[in-house]
Each structure stands twice: as structure tokens, then as C-alpha cells.
$ cat query-v6.tsv   # TSV, C-alpha atoms
chain	number	residue	atom	x	y	z
G	30	ALA	CA	0.00	0.00	0.00
G	31	GLN	CA	1.12	3.55	-0.65
G	32	SER	CA	0.50	6.73	1.28
G	33	VAL	CA	1.66	10.32	1.46
G	34	THR	CA	1.95	12.62	4.43
G	35	GLN	CA	2.30	16.36	4.02
G	36	LEU	CA	3.48	18.05	7.20
G	37	GLY	CA	1.75	21.37	7.74
G	38	SER	CA	-1.65	22.10	6.28
G	39	HIS	CA	-0.79	25.80	6.16
G	40	VAL	CA	2.56	27.46	5.54
G	41	SER	CA	3.11	31.20	5.51
G	42	VAL	CA	6.25	32.91	4.19
G	43	SER	CA	7.34	36.40	3.36
G	44	GLU	CA	7.89	37.43	-0.25
G	45	GLY	CA	11.50	36.62	-1.12
G	46	ALA	CA	11.88	34.00	1.60
G	47	LEU	CA	12.62	30.31	1.14
G	48	VAL	CA	9.66	28.06	0.51
G	49	LEU	CA	9.83	24.54	2.01
G	50	LEU	CA	6.85	22.22	1.76
G	51	ARG	CA	7.32	18.78	3.31
G	52	CYS	CA	6.24	15.45	1.90
G	53	ASN	CA	6.94	11.96	3.20
G	54	TYR	CA	5.80	8.84	1.43
G	55	SER	CA	5.30	5.19	2.15
G	56	SER	CA	5.58	2.63	-0.61
G	57	SER	CA	6.38	-1.07	-0.74
G	58	VAL	CA	7.67	-0.72	-4.31
G	59	PRO	CA	9.83	1.92	-6.01
G	60	PRO	CA	7.63	5.00	-6.20
G	61	TYR	CA	7.02	7.73	-8.67
G	62	LEU	CA	6.51	11.03	-6.87
G	63	PHE	CA	4.80	14.21	-7.96
G	64	TRP	CA	4.07	17.73	-6.83
G	65	TYR	CA	0.96	19.44	-8.15
G	66	VAL	CA	-0.24	23.01	-7.55
G	67	GLN	CA	-3.86	24.12	-7.44
G	68	TYR	CA	-4.87	27.76	-7.79
G	69	PRO	CA	-8.35	28.80	-6.58
G	70	ASN	CA	-11.16	27.30	-8.65
G	71	GLN	CA	-8.76	25.57	-11.00
G	72	GLY	CA	-7.59	22.04	-11.63
G	73	LEU	CA	-4.24	20.59	-10.70
G	74	GLN	CA	-1.09	21.64	-12.55
G	75	LEU	CA	2.01	19.45	-12.51
G	76	LEU	CA	5.00	21.21	-10.96
G	77	LEU	CA	7.53	18.38	-11.16
G	78	LYS	CA	7.93	14.62	-10.99
G	79	TYR	CA	10.46	12.03	-9.86
G	80	THR	CA	10.54	8.86	-11.95
G	81	SER	CA	13.73	7.13	-10.77
G	82	ALA	CA	16.21	9.22	-12.74
G	83	ALA	CA	18.01	12.14	-11.06
G	84	THR	CA	17.13	12.53	-7.41
G	85	LEU	CA	17.09	16.33	-7.63
G	86	VAL	CA	14.23	17.32	-9.84
G	87	LYS	CA	13.65	20.80	-11.22
G	88	GLY	CA	10.18	21.93	-12.16
G	89	ILE	CA	8.31	24.94	-13.37
G	90	ASN	CA	8.23	28.37	-11.72
G	91	GLY	CA	11.59	27.84	-9.99
G	92	PHE	CA	10.51	24.93	-7.81
G	93	GLU	CA	12.62	21.86	-7.17
G	94	ALA	CA	12.41	18.73	-5.04
G	95	GLU	CA	14.86	16.12	-3.87
G	96	PHE	CA	14.06	12.44	-3.56
G	97	LYS	CA	15.68	10.97	-0.45
G	98	LYS	CA	15.07	7.27	-0.19
G	99	SER	CA	16.68	6.95	3.24
G	100	GLU	CA	14.30	9.54	4.63
G	101	THR	CA	11.32	8.53	2.42
G	102	SER	CA	10.94	12.21	1.64
G	103	PHE	CA	10.29	14.39	-1.38
G	104	HIS	CA	10.24	17.95	-0.05
G	105	LEU	CA	9.45	20.88	-2.36
G	106	THR	CA	11.58	24.03	-2.24
G	107	LYS	CA	11.88	27.39	-3.91
G	108	PRO	CA	14.66	29.82	-2.99
G	109	SER	CA	12.58	32.98	-3.17
G	110	ALA	CA	8.81	33.15	-2.83
G	111	HIS	CA	6.65	35.32	-5.07
G	112	MET	CA	3.17	36.54	-4.30
G	113	SER	CA	1.96	34.48	-7.27
G	114	ASP	CA	3.10	31.26	-5.52
G	115	ALA	CA	0.16	31.47	-3.12
G	116	ALA	CA	-1.85	28.32	-3.81
G	117	GLU	CA	-2.45	24.82	-2.52
G	118	TYR	CA	0.24	22.23	-3.13
G	119	PHE	CA	-0.28	18.50	-3.29
G	120	CYS	CA	2.30	15.74	-3.09
G	121	ALA	CA	1.34	12.44	-4.73
G	122	VAL	CA	2.75	8.96	-5.18
G	123	SER	CA	2.09	6.24	-7.72
G	124	VAL	CA	3.55	2.86	-8.50
G	125	SER	CA	6.42	3.21	-10.93
G	126	GLY	CA	6.27	2.21	-14.52
G	127	GLY	CA	2.86	2.65	-15.96
G	128	TYR	CA	-0.69	3.79	-15.71
G	129	ASN	CA	-1.55	4.03	-12.09
G	130	LYS	CA	-3.74	6.00	-9.79
G	131	LEU	CA	-2.22	8.84	-7.85
G	132	ILE	CA	-2.39	8.75	-4.06
G	133	PHE	CA	-2.44	12.31	-2.79
G	134	GLY	CA	-1.43	13.93	0.44
G	135	ALA	CA	-3.85	16.22	2.23
G	136	GLY	CA	-2.31	19.32	0.71
G	137	THR	CA	-0.47	22.37	2.03
G	138	ARG	CA	-1.86	25.84	1.55
G	139	LEU	CA	0.93	28.33	0.96
G	140	ALA	CA	0.38	31.97	1.84
G	141	VAL	CA	2.90	34.61	0.75
G	142	HIS	CA	2.79	37.97	2.46
G	143	PRO	CA	4.58	41.20	1.51
B	6	GLY	CA	-3.31	22.05	-28.00
B	7	ALA	CA	-6.45	21.85	-25.94
B	8	GLY	CA	-6.25	20.48	-22.44
B	9	VAL	CA	-8.67	18.26	-20.55
B	10	SER	CA	-12.14	19.78	-20.48
B	11	GLN	CA	-15.01	19.03	-18.16
B	12	SER	CA	-18.65	19.97	-18.18
B	13	PRO	CA	-20.58	21.37	-16.55
B	14	SER	CA	-18.25	23.51	-14.46
B	15	ASN	CA	-20.89	23.73	-11.75
B	16	LYS	CA	-23.89	21.54	-11.03
B	17	VAL	CA	-26.48	22.06	-8.33
B	18	THR	CA	-28.97	19.28	-7.83
B	19	GLU	CA	-31.51	18.07	-5.33
B	20	LYS	CA	-30.96	15.05	-3.15
B	21	GLY	CA	-32.19	11.91	-4.88
B	22	LYS	CA	-31.68	13.15	-8.44
B	23	ASP	CA	-29.25	11.58	-10.93
B	24	VAL	CA	-26.37	13.59	-12.40
B	25	GLU	CA	-23.97	13.09	-15.30
B	26	LEU	CA	-20.53	14.65	-15.41
B	27	ARG	CA	-18.55	14.75	-18.62
B	28	CYS	CA	-14.83	14.65	-19.33
B	29	ASP	CA	-13.09	15.22	-22.67
B	30	PRO	CA	-9.46	14.09	-22.41
B	31	ILE	CA	-6.55	15.45	-24.38
B	32	SER	CA	-6.76	14.10	-27.92
B	33	GLY	CA	-4.80	10.87	-28.27
B	34	HIS	CA	-4.53	10.19	-24.55
B	35	THR	CA	-5.30	6.55	-23.92
B	36	ALA	CA	-5.72	6.62	-20.16
B	37	LEU	CA	-8.38	8.55	-18.28
B	38	TYR	CA	-8.85	8.95	-14.52
B	39	TRP	CA	-11.60	10.32	-12.31
B	40	TYR	CA	-10.86	11.77	-8.87
B	41	ARG	CA	-12.99	13.46	-6.25
B	42	GLN	CA	-11.90	16.38	-4.10
B	43	SER	CA	-13.90	17.08	-0.96
B	44	LEU	CA	-13.27	18.96	2.25
B	45	GLY	CA	-13.47	15.93	4.45
B	46	GLN	CA	-11.67	13.38	2.30
B	47	GLY	CA	-9.15	15.35	0.26
B	48	LEU	CA	-8.29	14.06	-3.22
B	49	GLU	CA	-9.48	10.50	-3.83
B	50	PHE	CA	-9.11	8.24	-6.84
B	51	LEU	CA	-12.40	6.94	-8.24
B	52	ILE	CA	-11.80	5.00	-11.47
B	53	TYR	CA	-9.25	4.50	-14.26
B	54	PHE	CA	-9.93	3.77	-17.93
B	55	GLN	CA	-7.50	2.25	-20.41
B	56	GLY	CA	-9.25	2.84	-23.70
B	57	ASN	CA	-12.88	2.04	-22.98
B	58	SER	CA	-12.24	-0.63	-20.38
B	59	ALA	CA	-11.91	0.09	-16.66
B	60	PRO	CA	-9.19	-2.06	-15.09
B	61	ASP	CA	-9.45	-0.26	-11.77
B	62	LYS	CA	-12.78	0.79	-10.29
B	63	SER	CA	-11.60	0.40	-6.73
B	64	GLY	CA	-12.29	3.98	-5.71
B	65	LEU	CA	-15.97	4.17	-6.58
B	66	PRO	CA	-17.60	4.77	-3.18
B	67	SER	CA	-20.88	2.95	-3.82
B	68	ASP	CA	-22.95	1.27	-6.51
B	69	ARG	CA	-24.66	4.62	-7.09
B	70	PHE	CA	-21.51	5.67	-8.92
B	71	SER	CA	-20.73	4.43	-12.42
B	72	ALA	CA	-18.65	5.57	-15.36
B	73	GLU	CA	-18.21	4.76	-18.98
B	74	ARG	CA	-15.93	5.81	-21.76
B	75	THR	CA	-16.37	5.81	-25.52
B	76	GLY	CA	-13.21	4.43	-27.11
B	77	GLU	CA	-10.31	6.73	-26.25
B	78	SER	CA	-12.59	9.72	-26.09
B	79	VAL	CA	-15.16	11.22	-23.81
B	80	SER	CA	-16.04	9.75	-20.43
B	81	THR	CA	-19.18	10.20	-18.36
B	82	LEU	CA	-19.38	9.77	-14.59
B	83	THR	CA	-22.93	9.12	-13.40
B	84	ILE	CA	-24.14	9.44	-9.84
B	85	GLN	CA	-27.58	8.03	-9.16
B	86	ARG	CA	-29.84	9.08	-6.30
B	87	THR	CA	-27.42	11.79	-5.18
B	88	GLN	CA	-26.78	12.35	-1.50
B	89	GLN	CA	-25.45	15.42	0.28
B	90	GLU	CA	-22.16	13.64	0.94
B	91	ASP	CA	-21.63	13.44	-2.83
B	92	SER	CA	-21.01	17.21	-2.88
B	93	ALA	CA	-17.45	17.68	-4.06
B	94	VAL	CA	-15.31	18.74	-7.00
B	95	TYR	CA	-14.96	15.92	-9.51
B	96	LEU	CA	-11.67	16.04	-11.40
B	97	CYS	CA	-10.76	14.21	-14.57
B	98	ALA	CA	-7.22	13.55	-15.79
B	99	SER	CA	-5.68	11.89	-18.83
B	100	SER	CA	-2.27	10.56	-19.81
B	101	SER	CA	-0.60	9.41	-23.00
B	102	ARG	CA	1.27	6.25	-24.00
B	103	GLN	CA	4.48	8.25	-24.35
B	104	ALA	CA	4.27	9.72	-20.84
B	105	ARG	CA	2.14	7.23	-18.99
B	106	ASP	CA	3.19	8.46	-15.58
B	107	THR	CA	2.09	12.07	-16.13
B	108	GLN	CA	-1.56	12.93	-15.64
B	109	TYR	CA	-3.02	16.19	-16.92
B	110	PHE	CA	-6.02	17.46	-15.03
B	111	GLY	CA	-9.13	19.28	-16.12
B	112	PRO	CA	-10.67	22.21	-14.22
B	113	GLY	CA	-13.21	20.02	-12.47
B	114	THR	CA	-16.97	19.97	-11.96
B	115	ARG	CA	-18.23	21.36	-8.68
B	116	LEU	CA	-21.25	19.32	-7.60
B	117	THR	CA	-23.55	20.62	-4.90
B	118	VAL	CA	-26.33	18.39	-3.62
B	119	LEU	CA	-29.04	20.27	-1.73

$ encode --input "query-v6.tsv" --output "C-alpha cells"
Amino acid sequence: AQSVTQLGSHVSVSEGALVLLRCNYSSSVPPYLFWYVQYPNQGLQLLLKYTSAATLVKGINGFEAEFKKSETSFHLTKPSAHMSDAAEYFCAVSVSGGYNKLIFGAGTRLAVHP
Amino acid sequence: GAGVSQSPSNKVTEKGKDVELRCDPISGHTALYWYRQSLGQGLEFLIYFQGNSAPDKSGLPSDRFSAERTGESVSTLTIQRTQQEDSAVYLCASSSRQARDTQYFGPGTRLTVL
């Protein structure tokens, strides 16, 4: 069975500060890992994905995440927050190698203040 | 090209009525997924189509829920005898053979059951 835990349902940062959103996963098989972002009243947009290649993954809008097998983590970071980054972020896991359902974490709402 | 589209964007219905939600995947995408996003349960997988067959229906919450897909095209999610707990945003996603692990999401249908 697979599961995802996102630590912190709400994170607040100042504009220009580091963004760190935490994600830990559980999987009995090699996982694929994803970060999605959801803006108000919109669907989910893929930020980045880990699919067993490089452990440091770069995505859109300056975000990156590092897969750490020993820590079963896939935390999302961005060096400098923008006001436009305010949204809800979801970490997800699926079984590697094919069509498979995504198992989502509960989400983290990011607020960016001036 | 066009993304995943869903209709209607909003649906308000009375308890006990049947509703149909539609999803048009990205052209050429062979796999199609339905998810539900609700306040209490977060993002949950409902059903997955490969072509017009459904190898994984494990997330459908009850026999009031059903879905079908025409070839590798449109899919319809039907909820019979709606209940208030069915109120949620229903999200559809699709993926291609070339990038099977990457799901692209539509904007969702917000269902409100009165």
C-alpha cells in the first residue's frame, strides 16, 4: 500500500523568503513522486515529478524537489517566494512504470505575504 | 493544443436526483482517470480507464456511482440518487502512451447536492 503525508496544512512565508513544503511517502515498491499546484477554482497543474532518474528534480516556476530514499521524503523548495506562488500544493505517489492512480497527500496551503 | 475539459463547471442538484458529469481528455490520450476532491476526504481516486475498459474501479464509493468511456474519447461519470455527501469537486485527468506516468487534469466539476 502507498500513502503520502504532508506536514503542515498551512505554511506562511514572506515574499523573497525560502519556501519549504514537506512530503513523506510510504511505498512497498519503487515509487514515482509528484508535486501538483492548485490555484483557486482551478484544476491541478504538474510542478515536477520524480521517476527514478536524477534525485534532484527541477520543475516549473523555480521549484525543485529532492528524492531521499533513506528519509522517504520528497520535499518541495523554492529559494525565493513570489506573491503568485500562493496556492495549494499536493504531493502524490504512484507505482512506478505505468498507468496508475495517484495517491495524494492532504495538501499544504501556501500563503505569501509582503 | 487543448487540455482536458469538463462539463458542466458547476452543477447544483436536489438530493435523490441523478447527475452526469462529462470529461473530454486530451486528444490521443489513452488513459483517463476520475478523482474526487472534498473537504473531508481530500483528493481520492475513483476509477481509471485504459481505452474504454476500466481495469481499476476500486475507488468508486458505492454502486450509485458508475462511469463509462467511448473508445479513447469522452467519459461520463454518473451518480444516481445523489446524497449530500456526494457534494465535491470531480476532477478528470488523462495521460498518453508516451508519458504514462504524467496525468493532466481538467478544471473540475463542482457538484452541490441540496

$ residues_around --input "query-v6.tsv" --residues "Ser14 in chain B" --least-positions-apart "3" --cutoff "9 Å" --atoms "only C-alpha atoms" --output "PyMOL selection string"
chain B and resi 11+112-116

$ interface_residues --input "query-v6.tsv" --of "chain G" --to "chain B" --cutoff "6 Å" --atoms "all atoms listed in the file" --output "list in words"
Gln71, Gly72, Leu73, Gly127, Tyr128 and Ala135 of chain G

$ write_last_selection --input "query-v6.tsv" --atoms "C-alpha atoms" --output "PDB file, keeping the file's coordinate frame"
ATOM      1  CA  GLN G  71      -8.760  25.570 -11.000  1.00  0.00           C
ATOM      2  CA  GLY G  72      -7.590  22.040 -11.630  1.00  0.00           C
ATOM      3  CA  LEU G  73      -4.240  20.590 -10.700  1.00  0.00           C
ATOM      4  CA  GLY G 127       2.860   2.650 -15.960  1.00  0.00           C
ATOM      5  CA  TYR G 128      -0.690   3.790 -15.710  1.00  0.00           C
ATOM      6  CA  ALA G 135      -3.850  16.220   2.230  1.00  0.00           C
TER       7      ALA G 135
END

$ atom_distance --input "query-v6.tsv" --atom1 "CA of Ser43 in chain G" --atom2 "CA of Phe133 in chain G"
26.7 Å

$ atom_distance --input "query-v6.tsv" --atom1 "CA of Pro143 in chain G" --atom2 "CA of His111 in chain G"
9.1 Å

$ closest_residue --input "query-v6.tsv" --among "G:His142, G:Lys78, G:His104, G:Lys98" --to "Gln35 in chain G" --atoms "all atoms listed in the file"
G:His104

$ closest_residue --input "query-v6.tsv" --among "G:Leu105, G:Leu47, G:Val40, G:Leu85" --to "Thr137 in chain G" --atoms "only C-alpha atoms"
G:Val40

$ atom_distance --input "query-v6.tsv" --atom1 "CA of Tyr68 in chain G" --atom2 "CA of Val24 in chain B"
26.2 Å

$ closest_residue --input "query-v6.tsv" --among "G:Leu75, G:Leu36, G:Thr80, G:Ala110" --to "Ala140 in chain G" --atoms "only C-alpha atoms"
G:Ala110

$ residues_around --input "query-v6.tsv" --residues "Ala121 in chain G" --least-positions-apart "4" --cutoff "10 Å" --atoms "only C-alpha atoms" --output "JSON, numbers by chain"
{"G": [31, 32, 33, 34, 35, 52, 53, 54, 60, 61, 62, 63, 64, 65, 78, 103, 130, 131, 132, 133, 134, 135, 136], "B": [48]}

$ closest_residue --input "query-v6.tsv" --among "B:Ser12, B:Ser43, B:Asn57, B:Gln88" --to "Phe70 in chain B" --atoms "all atoms listed in the file"
B:Gln88

$ residues_near_point --input "query-v6.tsv" --point "(-1.8, 24.3, -0.8)" --cutoff "7 Å" --atoms "all atoms listed in the file" --output "PDB file with C-alpha atoms, keeping the file's coordinate frame"
ATOM      1  CA  GLN G  67      -3.860  24.120  -7.440  1.00  0.00           C
ATOM      2  CA  ALA G 116      -1.850  28.320  -3.810  1.00  0.00           C
ATOM      3  CA  GLU G 117      -2.450  24.820  -2.520  1.00  0.00           C
ATOM      4  CA  TYR G 118       0.240  22.230  -3.130  1.00  0.00           C
ATOM      5  CA  PHE G 119      -0.280  18.500  -3.290  1.00  0.00           C
ATOM      6  CA  GLY G 136      -2.310  19.320   0.710  1.00  0.00           C
ATOM      7  CA  THR G 137      -0.470  22.370   2.030  1.00  0.00           C
ATOM      8  CA  ARG G 138      -1.860  25.840   1.550  1.00  0.00           C
ATOM      9  CA  LEU G 139       0.930  28.330   0.960  1.00  0.00           C
TER      10      LEU G 139
END

$ residues_near_point --input "query-v6.tsv" --point "(-18.5, 15.5, -17.7)" --cutoff "8 Å" --atoms "all atoms listed in the file" --output "MDAnalysis selection string"
chainID B and resid 11:13 25:29 80:82 114

$ build_atoms --input "query-v6.tsv" --residues "range 44-76 of chain B" --atoms "N, CA and C atoms" --output "short mmCIF file (atom, residue, chain, number, x, y, z; two decimals), in the frame of the given file"
data_model
loop_
_atom_site.label_atom_id
_atom_site.label_comp_id
_atom_site.auth_asym_id
_atom_site.auth_seq_id
_atom_site.Cartn_x
_atom_site.Cartn_y
_atom_site.Cartn_z
N LEU B 44 -13.89 18.38 1.06
CA LEU B 44 -13.27 18.96 2.25
C LEU B 44 -12.87 17.89 3.25
N GLY B 45 -13.72 16.93 3.43
CA GLY B 45 -13.47 15.93 4.45
C GLY B 45 -12.48 14.85 4.06
N GLN B 46 -12.43 14.54 2.77
CA GLN B 46 -11.67 13.38 2.30
C GLN B 46 -10.47 13.74 1.45
N GLY B 47 -10.28 14.99 1.11
CA GLY B 47 -9.15 15.35 0.26
C GLY B 47 -9.36 14.85 -1.16
N LEU B 48 -8.25 14.54 -1.84
CA LEU B 48 -8.29 14.06 -3.22
C LEU B 48 -8.29 12.54 -3.23
N GLU B 49 -9.36 11.96 -3.82
CA GLU B 49 -9.48 10.50 -3.83
C GLU B 49 -9.64 10.02 -5.27
N PHE B 50 -8.96 8.92 -5.56
CA PHE B 50 -9.11 8.24 -6.84
C PHE B 50 -10.47 7.54 -6.89
N LEU B 51 -11.12 7.62 -8.05
CA LEU B 51 -12.40 6.94 -8.24
C LEU B 51 -12.26 5.75 -9.20
N ILE B 52 -11.82 6.03 -10.45
CA ILE B 52 -11.80 5.00 -11.47
C ILE B 52 -10.79 5.36 -12.54
N TYR B 53 -10.25 4.32 -13.21
CA TYR B 53 -9.25 4.50 -14.26
C TYR B 53 -9.72 3.73 -15.50
N PHE B 54 -9.63 4.40 -16.65
CA PHE B 54 -9.93 3.77 -17.93
C PHE B 54 -8.65 3.62 -18.75
N GLN B 55 -8.50 2.46 -19.38
CA GLN B 55 -7.50 2.25 -20.41
C GLN B 55 -8.31 1.98 -21.68
N GLY B 56 -8.30 2.94 -22.60
CA GLY B 56 -9.25 2.84 -23.70
C GLY B 56 -10.65 2.93 -23.12
N ASN B 57 -11.52 2.01 -23.52
CA ASN B 57 -12.88 2.04 -22.98
C ASN B 57 -13.13 0.97 -21.92
N SER B 58 -12.07 0.33 -21.47
CA SER B 58 -12.24 -0.63 -20.38
C SER B 58 -11.71 -0.02 -19.08
N ALA B 59 -12.23 -0.48 -17.97
CA ALA B 59 -11.91 0.09 -16.66
C ALA B 59 -11.23 -0.96 -15.78
N PRO B 60 -9.89 -1.06 -15.88
CA PRO B 60 -9.19 -2.06 -15.09
C PRO B 60 -9.23 -1.82 -13.59
N ASP B 61 -9.47 -0.58 -13.19
CA ASP B 61 -9.45 -0.26 -11.77
C ASP B 61 -10.63 0.64 -11.42
N LYS B 62 -11.60 0.04 -10.75
CA LYS B 62 -12.78 0.79 -10.29
C LYS B 62 -12.79 0.87 -8.77
N SER B 63 -11.65 0.62 -8.17
CA SER B 63 -11.60 0.40 -6.73
C SER B 63 -12.02 1.60 -5.89
N GLY B 64 -11.97 2.80 -6.49
CA GLY B 64 -12.29 3.98 -5.71
C GLY B 64 -13.74 4.41 -5.73
N LEU B 65 -14.56 3.78 -6.54
CA LEU B 65 -15.97 4.17 -6.58
C LEU B 65 -16.59 3.89 -5.21
N PRO B 66 -17.18 4.91 -4.58
CA PRO B 66 -17.60 4.77 -3.18
C PRO B 66 -18.84 3.90 -2.97
N SER B 67 -19.68 3.79 -3.98
CA SER B 67 -20.88 2.95 -3.82
C SER B 67 -21.38 2.56 -5.19
N ASP B 68 -22.39 1.69 -5.22
CA ASP B 68 -22.95 1.27 -6.51
C ASP B 68 -23.81 2.36 -7.13
N ARG B 69 -23.96 3.49 -6.46
CA ARG B 69 -24.66 4.62 -7.09
C ARG B 69 -23.76 5.32 -8.11
N PHE B 70 -22.48 5.04 -8.03
CA PHE B 70 -21.51 5.67 -8.92
C PHE B 70 -21.16 4.70 -10.06
N SER B 71 -21.16 5.22 -11.28
CA SER B 71 -20.73 4.43 -12.42
C SER B 71 -20.07 5.36 -13.44
N ALA B 72 -19.30 4.77 -14.33
CA ALA B 72 -18.65 5.57 -15.36
C ALA B 72 -18.49 4.74 -16.60
N GLU B 73 -18.48 5.42 -17.72
CA GLU B 73 -18.21 4.76 -18.98
C GLU B 73 -17.37 5.66 -19.86
N ARG B 74 -16.76 5.04 -20.85
CA ARG B 74 -15.93 5.81 -21.76
C ARG B 74 -16.13 5.26 -23.17
N THR B 75 -16.20 6.16 -24.12
CA THR B 75 -16.37 5.81 -25.52
C THR B 75 -14.99 5.76 -26.18
N GLY B 76 -14.51 4.58 -26.48
CA GLY B 76 -13.21 4.43 -27.11
C GLY B 76 -12.13 5.09 -26.30
#
